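What follows is the content of run-v9.cif (mmCIF, C-alpha atoms).
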data_structure
#
loop_
_atom_site.label_atom_id
_atom_site.label_comp_id
_atom_site.auth_asym_id
_atom_site.auth_seq_id
_atom_site.Cartn_x
_atom_site.Cartn_y
_atom_site.Cartn_z
CA MET W 1 20.32 5.86 -33.40
CA ASN W 2 17.57 4.79 -35.74
CA ASP W 3 13.84 5.37 -35.29
CA GLN W 4 13.13 1.89 -33.95
CA GLN W 5 15.75 2.19 -31.20
CA MET W 6 14.41 5.60 -30.21
CA PHE W 7 10.87 4.22 -30.16
CA ASP W 8 11.95 1.26 -28.00
CA ARG W 9 13.77 3.54 -25.59
CA ASN W 10 10.75 5.83 -25.26
CA ILE W 11 8.37 2.91 -24.77
CA GLY W 12 10.69 1.50 -22.11
CA PHE W 13 10.73 4.86 -20.34
CA LEU W 14 6.93 5.14 -20.51
CA TRP W 15 6.55 1.59 -19.17
CA LYS W 16 8.83 2.37 -16.20
CA ALA W 17 6.95 5.61 -15.54
CA ALA W 18 3.63 3.73 -15.62
CA LYS W 19 4.96 1.16 -13.13
CA TRP W 20 6.11 3.93 -10.77
CA LEU W 21 2.74 5.67 -11.03
CA PHE W 22 0.97 2.40 -10.27
CA LYS W 23 3.15 1.90 -7.19
CA ALA W 24 2.47 5.48 -6.15
CA LEU W 25 -1.24 4.72 -6.42
CA ILE W 26 -0.82 1.63 -4.24
CA TYR W 27 1.01 3.66 -1.60
CA PHE W 28 -1.19 6.75 -2.05
CA PRO W 29 -2.69 6.62 1.47
CA LEU W 30 0.82 6.78 2.91
CA ILE W 31 1.82 9.61 0.59
CA ILE W 32 -1.30 11.72 1.16
CA THR W 33 -1.17 11.21 4.93
CA SER W 34 2.47 12.24 5.03
CA PHE W 35 1.68 15.27 2.88
CA ILE W 36 -1.01 16.33 5.35
CA ILE W 37 1.34 15.85 8.30
CA VAL W 38 4.26 17.66 6.68
CA SER W 39 2.13 20.54 5.34
CA SER W 40 0.70 21.13 8.82
CA ILE W 41 4.20 21.29 10.28
CA MET W 42 6.25 22.98 7.55
CA LYS W 43 3.61 25.33 6.05
CA LYS W 44 5.48 27.17 3.24
CA GLU W 45 8.41 24.77 2.75
CA VAL W 46 6.23 21.91 1.47
CA SER W 47 6.66 23.04 -2.13
CA SER W 48 10.46 22.98 -1.84
CA LEU W 49 12.81 20.08 -2.40
CA LEU W 50 13.23 19.80 1.36
CA GLY W 51 9.47 19.45 1.73
CA LEU W 52 9.41 16.65 -0.84
CA ALA W 53 12.24 14.85 0.96
CA VAL W 54 10.41 15.14 4.28
CA ILE W 55 7.17 13.85 2.69
CA ILE W 56 9.05 10.82 1.35
CA LEU W 57 10.65 10.24 4.76
CA VAL W 58 7.32 10.48 6.60
CA SER W 59 5.73 8.16 3.99
CA PHE W 60 8.45 5.61 4.68
CA ILE W 61 7.90 5.94 8.43
CA LEU W 62 4.15 5.39 7.90
CA TYR W 63 4.98 2.33 5.77
CA LEU W 64 7.04 0.95 8.64
CA LEU W 65 4.22 1.77 11.05
CA VAL W 66 1.76 -0.22 8.90
CA TYR W 67 4.07 -3.24 9.10
CA PHE W 68 4.56 -2.70 12.83
CA VAL W 69 0.77 -2.88 13.26
CA LYS W 70 0.74 -5.94 10.97
CA GLY W 71 3.24 -7.59 13.34
CA ILE W 72 0.88 -6.87 16.24
CA LEU W 73 -2.01 -8.27 14.20
CA ILE W 74 -0.19 -11.49 13.31
CA CYS W 75 0.95 -12.06 16.89
CA LEU W 76 -2.56 -11.52 18.29
CA LYS W 77 -4.11 -13.75 15.62
CA SER W 78 -1.56 -16.53 16.16
CA ASN W 79 -2.28 -16.47 19.88
CA ASN W 80 -6.04 -16.71 19.28
CA LYS W 81 -6.78 -13.29 20.72
CA LEU W 82 -9.92 -11.78 19.23
CA LEU W 83 -8.34 -8.34 19.53
CA TRP W 84 -6.51 -9.00 16.20
CA ILE W 85 -9.62 -7.82 14.36
CA LEU W 86 -9.08 -4.19 15.44
CA PRO W 87 -5.59 -3.77 13.90
CA PHE W 88 -6.80 -5.67 10.84
CA ILE W 89 -9.68 -3.24 10.31
CA ILE W 90 -7.36 -0.27 10.87
CA CYS W 91 -4.76 -1.53 8.39
CA VAL W 92 -7.24 -2.52 5.68
CA SER W 93 -9.20 0.71 6.06
CA PHE W 94 -6.08 2.84 5.80
CA THR W 95 -4.30 1.02 2.98
CA CYS W 96 -7.05 -0.46 0.79
CA ILE W 97 -10.21 1.66 0.91
CA LEU W 98 -8.69 4.97 -0.17
CA PRO W 99 -7.06 3.53 -3.33
CA VAL W 100 -10.42 1.98 -4.33
CA TYR W 101 -12.10 5.34 -3.93
CA ILE W 102 -9.37 7.11 -5.91
CA VAL W 103 -9.53 4.61 -8.78
CA LEU W 104 -13.34 4.51 -8.87
CA ASP W 105 -14.00 7.70 -10.87
CA PRO W 106 -11.20 7.39 -13.46
CA VAL W 107 -12.07 3.73 -14.08
CA GLY W 108 -15.73 4.70 -14.41
CA ARG W 109 -14.87 7.31 -17.02
CA LEU W 110 -12.66 4.86 -18.89
CA VAL W 111 -15.36 2.20 -18.91
CA GLN W 112 -17.99 4.72 -19.95
CA SER W 113 -15.90 6.10 -22.80
CA SER W 114 -15.11 2.62 -24.11
CA SER W 115 -18.74 1.48 -23.94
CA ARG W 116 -20.44 1.59 -27.33
CA SER W 117 -23.91 1.07 -26.00
CA GLY W 118 -25.89 3.02 -23.50
CA THR W 119 -25.64 0.27 -20.89
CA SER W 120 -24.92 1.05 -17.28
CA TYR W 121 -21.24 1.08 -16.51
CA ASP W 122 -21.60 1.33 -12.73
CA ILE W 123 -21.20 -2.40 -12.16
CA LEU W 124 -18.04 -2.56 -14.30
CA LYS W 125 -16.43 0.43 -12.62
CA TRP W 126 -17.10 -1.10 -9.19
CA ILE W 127 -15.75 -4.48 -10.31
CA PHE W 128 -12.51 -2.94 -11.63
CA SER W 129 -12.12 -0.65 -8.61
CA LEU W 130 -12.73 -3.43 -6.10
CA ALA W 131 -10.34 -5.68 -8.04
CA PHE W 132 -7.70 -2.99 -7.59
CA GLY W 133 -8.52 -2.85 -3.87
CA VAL W 134 -8.08 -6.62 -3.65
CA TYR W 135 -4.74 -6.29 -5.44
CA VAL W 136 -3.63 -3.66 -2.91
CA TYR W 137 -4.78 -5.92 -0.06
CA PHE W 138 -2.74 -8.84 -1.38
CA ARG W 139 0.20 -6.51 -1.83
CA TYR W 140 0.25 -6.07 1.96
CA ASP W 141 -1.17 -9.56 2.72
CA PHE W 142 -2.25 -8.70 6.26
CA LEU W 143 -3.14 -12.21 7.40
CA THR W 144 0.12 -13.84 6.29
CA ASN W 145 3.23 -13.94 8.44
CA ILE W 146 5.57 -12.23 6.00
CA ALA W 147 7.06 -8.78 5.47
CA PRO W 148 9.28 -7.19 2.83
CA SER W 149 12.95 -6.83 3.71
CA VAL W 150 12.76 -3.04 4.16
CA ALA W 151 9.87 -3.28 6.64
CA PHE W 152 11.04 -6.47 8.35
CA PRO W 153 12.60 -4.80 11.42
CA ALA W 154 9.37 -2.90 12.15
CA TYR W 155 7.31 -6.04 11.57
CA GLN W 156 9.56 -8.06 13.89
CA ALA W 157 9.33 -5.30 16.51
CA GLY W 158 5.51 -5.45 16.39
CA ILE W 159 5.60 -9.19 16.96
CA SER W 160 8.21 -8.97 19.73
CA ILE W 161 6.48 -6.18 21.65
CA THR W 162 3.11 -7.91 21.45
CA MET W 163 4.62 -11.22 22.61
CA SER W 164 6.21 -9.48 25.58
CA ILE W 165 2.86 -7.91 26.56
CA LEU W 166 0.84 -11.12 26.19
CA LYS W 167 1.03 -13.66 28.98
CA ARG W 168 1.63 -17.24 27.85
CA SER W 169 2.03 -16.27 24.25
CA TYR W 170 2.82 -18.64 21.43
CA ARG W 171 6.24 -17.84 19.96
CA ILE W 172 6.04 -16.59 16.38
CA GLU W 173 8.95 -16.37 14.01
CA ALA W 174 8.61 -13.45 11.61
CA LYS W 175 9.29 -14.31 7.98
CA LYS W 176 11.03 -12.04 5.51
CA SER W 177 10.01 -11.99 1.86
CA ASN W 178 12.38 -11.46 -1.04
CA ASP W 179 10.57 -8.28 -2.06
CA LEU W 180 12.30 -5.02 -1.23
CA ILE W 181 9.08 -3.03 -0.71
#
Target encoding structure tokens, full file:
Amino acid sequence: MNDQQMFDRNIGFLWKAAKWLFKALIYFPLIITSFIIVSSIMKKEVSSLLGLAVIILVSFILYLLVYFVKGILICLKSNNKLLWILPFIICVSFTCILPVYIVLDPVGRLVQSSSRSGTSYDILKWIFSLAFGVYVYFRYDFLTNIAPSVAFPAYQAGISITMSILKRSYRIEAKKSNDLI
């Protein structure tokens, strides 16, 4: 293997690692919440491989729960019930605000270190951090009737349960996206 092939392989690996880290940052609220839940239950075993597996499982369950609540939100909104605002606020607060806060300081340091003048970098760090929050929001797309294939059963269950609770509800067909997650 020559140097160029080795370089290409390493760059490809770094690119994949960066994409996984970015996805982990998008799903950070789920991961940190599951870590808190699992560490309160398992105590010492959290640092083991079993603890990591349980954290991943609980994160997935929380992901399904977010899409279940999104199904409730979409059903309430489609039936013109003002109560849809409450699950919307809960979902957006949980999934979008924490990533903005986490990205805020590192982005601020990056902007400050790249700035050649003594200008204020606060506006730029907020712009980049809020742009990331908007990206995370559109990743979940809470006001659109669509769910990824992995979360589709939970999303459909949220819609079905809400329709059965509502009287004279408008029938909503859940839509599945081509995305896996």
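Between atom CA of Thr95 of chain W and atom CA of Leu30 of chain W the interatomic distance comes to 7.7 Å.
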Ground truth for the PyMOL selection byres ((chain W and resi 96) around 6), written as a PyMOL selection string: chain W and resi 92-93+95+97-99+133+136-137
May I ask which of the residues W:Phe22, W:Asn2, W:Ile61, W:Ile89 is the closest one to Leu73 of chain W, counting all atoms listed in the file? W:Ile89
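Counting only C-alpha atoms, the residue from W:Tyr170, W:Tyr140, W:Val103, W:Asp122 that sits nearest to Asn80 of chain W is W:Tyr170.
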Nearest to Met163 of chain W among W:Ile72, W:Ile127, W:Leu52, W:Leu143, with distances taken over all atoms listed in the file: which residue is it? W:Ile72
Could you write segment 43-54 of chain W as a PDB file, keeping the file's coordinate frame, with all heavy atoms rebuilt where they are missing?
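That gives us result39.pdb:
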ATOM      1  N   LYS W  43       4.354  24.236   6.690  1.00  0.00           N
ATOM      2  CA  LYS W  43       3.610  25.330   6.050  1.00  0.00           C
ATOM      3  C   LYS W  43       4.153  25.676   4.662  1.00  0.00           C
ATOM      4  O   LYS W  43       3.806  25.040   3.702  1.00  0.00           O
ATOM      5  CB  LYS W  43       3.588  26.586   6.935  1.00  0.00           C
ATOM      6  CG  LYS W  43       3.037  26.380   8.311  1.00  0.00           C
ATOM      7  CD  LYS W  43       1.559  26.254   8.308  1.00  0.00           C
ATOM      8  CE  LYS W  43       1.086  26.131   9.759  1.00  0.00           C
ATOM      9  NZ  LYS W  43      -0.024  25.339   9.943  1.00  0.00           N
ATOM     10  N   LYS W  44       5.043  26.657   4.551  1.00  0.00           N
ATOM     11  CA  LYS W  44       5.480  27.170   3.240  1.00  0.00           C
ATOM     12  C   LYS W  44       6.535  26.293   2.567  1.00  0.00           C
ATOM     13  O   LYS W  44       6.664  26.314   1.355  1.00  0.00           O
ATOM     14  CB  LYS W  44       6.043  28.581   3.395  1.00  0.00           C
ATOM     15  CG  LYS W  44       5.020  29.572   3.873  1.00  0.00           C
ATOM     16  CD  LYS W  44       5.640  30.924   4.080  1.00  0.00           C
ATOM     17  CE  LYS W  44       4.597  31.876   4.657  1.00  0.00           C
ATOM     18  NZ  LYS W  44       5.167  33.156   5.003  1.00  0.00           N
ATOM     19  N   GLU W  45       7.297  25.536   3.315  1.00  0.00           N
ATOM     20  CA  GLU W  45       8.410  24.770   2.750  1.00  0.00           C
ATOM     21  C   GLU W  45       7.978  23.488   2.061  1.00  0.00           C
ATOM     22  O   GLU W  45       8.807  22.773   1.515  1.00  0.00           O
ATOM     23  CB  GLU W  45       9.440  24.428   3.829  1.00  0.00           C
ATOM     24  CG  GLU W  45      10.180  25.612   4.398  1.00  0.00           C
ATOM     25  CD  GLU W  45       9.424  26.273   5.534  1.00  0.00           C
ATOM     26  OE1 GLU W  45       8.472  25.670   6.070  1.00  0.00           O
ATOM     27  OE2 GLU W  45       9.774  27.414   5.888  1.00  0.00           O
ATOM     28  N   VAL W  46       6.695  23.164   2.059  1.00  0.00           N
ATOM     29  CA  VAL W  46       6.230  21.910   1.470  1.00  0.00           C
ATOM     30  C   VAL W  46       6.506  21.877  -0.024  1.00  0.00           C
ATOM     31  O   VAL W  46       6.801  20.837  -0.594  1.00  0.00           O
ATOM     32  CB  VAL W  46       4.723  21.699   1.757  1.00  0.00           C
ATOM     33  CG1 VAL W  46       4.192  20.500   1.020  1.00  0.00           C
ATOM     34  CG2 VAL W  46       4.506  21.534   3.238  1.00  0.00           C
ATOM     35  N   SER W  47       6.448  23.006  -0.684  1.00  0.00           N
ATOM     36  CA  SER W  47       6.660  23.040  -2.130  1.00  0.00           C
ATOM     37  C   SER W  47       8.140  22.991  -2.508  1.00  0.00           C
ATOM     38  O   SER W  47       8.475  22.936  -3.685  1.00  0.00           O
ATOM     39  CB  SER W  47       6.005  24.282  -2.733  1.00  0.00           C
ATOM     40  OG  SER W  47       6.566  25.449  -2.159  1.00  0.00           O
ATOM     41  N   SER W  48       9.030  23.023  -1.545  1.00  0.00           N
ATOM     42  CA  SER W  48      10.460  22.980  -1.840  1.00  0.00           C
ATOM     43  C   SER W  48      10.947  21.547  -1.936  1.00  0.00           C
ATOM     44  O   SER W  48      10.220  20.588  -1.674  1.00  0.00           O
ATOM     45  CB  SER W  48      11.229  23.718  -0.730  1.00  0.00           C
ATOM     46  OG  SER W  48      11.143  23.005   0.477  1.00  0.00           O
ATOM     47  N   LEU W  49      12.188  21.397  -2.314  1.00  0.00           N
ATOM     48  CA  LEU W  49      12.810  20.080  -2.400  1.00  0.00           C
ATOM     49  C   LEU W  49      12.937  19.457  -1.010  1.00  0.00           C
ATOM     50  O   LEU W  49      12.770  18.244  -0.860  1.00  0.00           O
ATOM     51  CB  LEU W  49      14.182  20.211  -3.067  1.00  0.00           C
ATOM     52  CG  LEU W  49      14.843  18.934  -3.525  1.00  0.00           C
ATOM     53  CD1 LEU W  49      13.930  18.185  -4.491  1.00  0.00           C
ATOM     54  CD2 LEU W  49      16.164  19.228  -4.197  1.00  0.00           C
ATOM     55  N   LEU W  50      13.179  20.283  -0.012  1.00  0.00           N
ATOM     56  CA  LEU W  50      13.230  19.800   1.360  1.00  0.00           C
ATOM     57  C   LEU W  50      11.873  19.237   1.782  1.00  0.00           C
ATOM     58  O   LEU W  50      11.798  18.175   2.414  1.00  0.00           O
ATOM     59  CB  LEU W  50      13.652  20.923   2.316  1.00  0.00           C
ATOM     60  CG  LEU W  50      13.601  20.588   3.807  1.00  0.00           C
ATOM     61  CD1 LEU W  50      14.636  19.530   4.155  1.00  0.00           C
ATOM     62  CD2 LEU W  50      13.795  21.833   4.634  1.00  0.00           C
ATOM     63  N   GLY W  51      10.816  19.931   1.413  1.00  0.00           N
ATOM     64  CA  GLY W  51       9.470  19.450   1.730  1.00  0.00           C
ATOM     65  C   GLY W  51       9.185  18.113   1.096  1.00  0.00           C
ATOM     66  O   GLY W  51       8.608  17.221   1.726  1.00  0.00           O
ATOM     67  N   LEU W  52       9.603  17.934  -0.161  1.00  0.00           N
ATOM     68  CA  LEU W  52       9.410  16.650  -0.840  1.00  0.00           C
ATOM     69  C   LEU W  52      10.198  15.546  -0.148  1.00  0.00           C
ATOM     70  O   LEU W  52       9.689  14.441   0.037  1.00  0.00           O
ATOM     71  CB  LEU W  52       9.838  16.775  -2.311  1.00  0.00           C
ATOM     72  CG  LEU W  52       9.711  15.514  -3.148  1.00  0.00           C
ATOM     73  CD1 LEU W  52       8.252  15.093  -3.254  1.00  0.00           C
ATOM     74  CD2 LEU W  52      10.307  15.746  -4.517  1.00  0.00           C
ATOM     75  N   ALA W  53      11.422  15.853   0.261  1.00  0.00           N
ATOM     76  CA  ALA W  53      12.240  14.850   0.960  1.00  0.00           C
ATOM     77  C   ALA W  53      11.593  14.469   2.294  1.00  0.00           C
ATOM     78  O   ALA W  53      11.573  13.287   2.661  1.00  0.00           O
ATOM     79  CB  ALA W  53      13.647  15.396   1.185  1.00  0.00           C
ATOM     80  N   VAL W  54      11.048  15.434   3.004  1.00  0.00           N
ATOM     81  CA  VAL W  54      10.410  15.140   4.280  1.00  0.00           C
ATOM     82  C   VAL W  54       9.129  14.327   4.065  1.00  0.00           C
ATOM     83  O   VAL W  54       8.827  13.412   4.835  1.00  0.00           O
ATOM     84  CB  VAL W  54      10.125  16.446   5.071  1.00  0.00           C
ATOM     85  CG1 VAL W  54       9.316  16.183   6.317  1.00  0.00           C
ATOM     86  CG2 VAL W  54      11.433  17.134   5.428  1.00  0.00           C
TER      87      VAL W  54
END
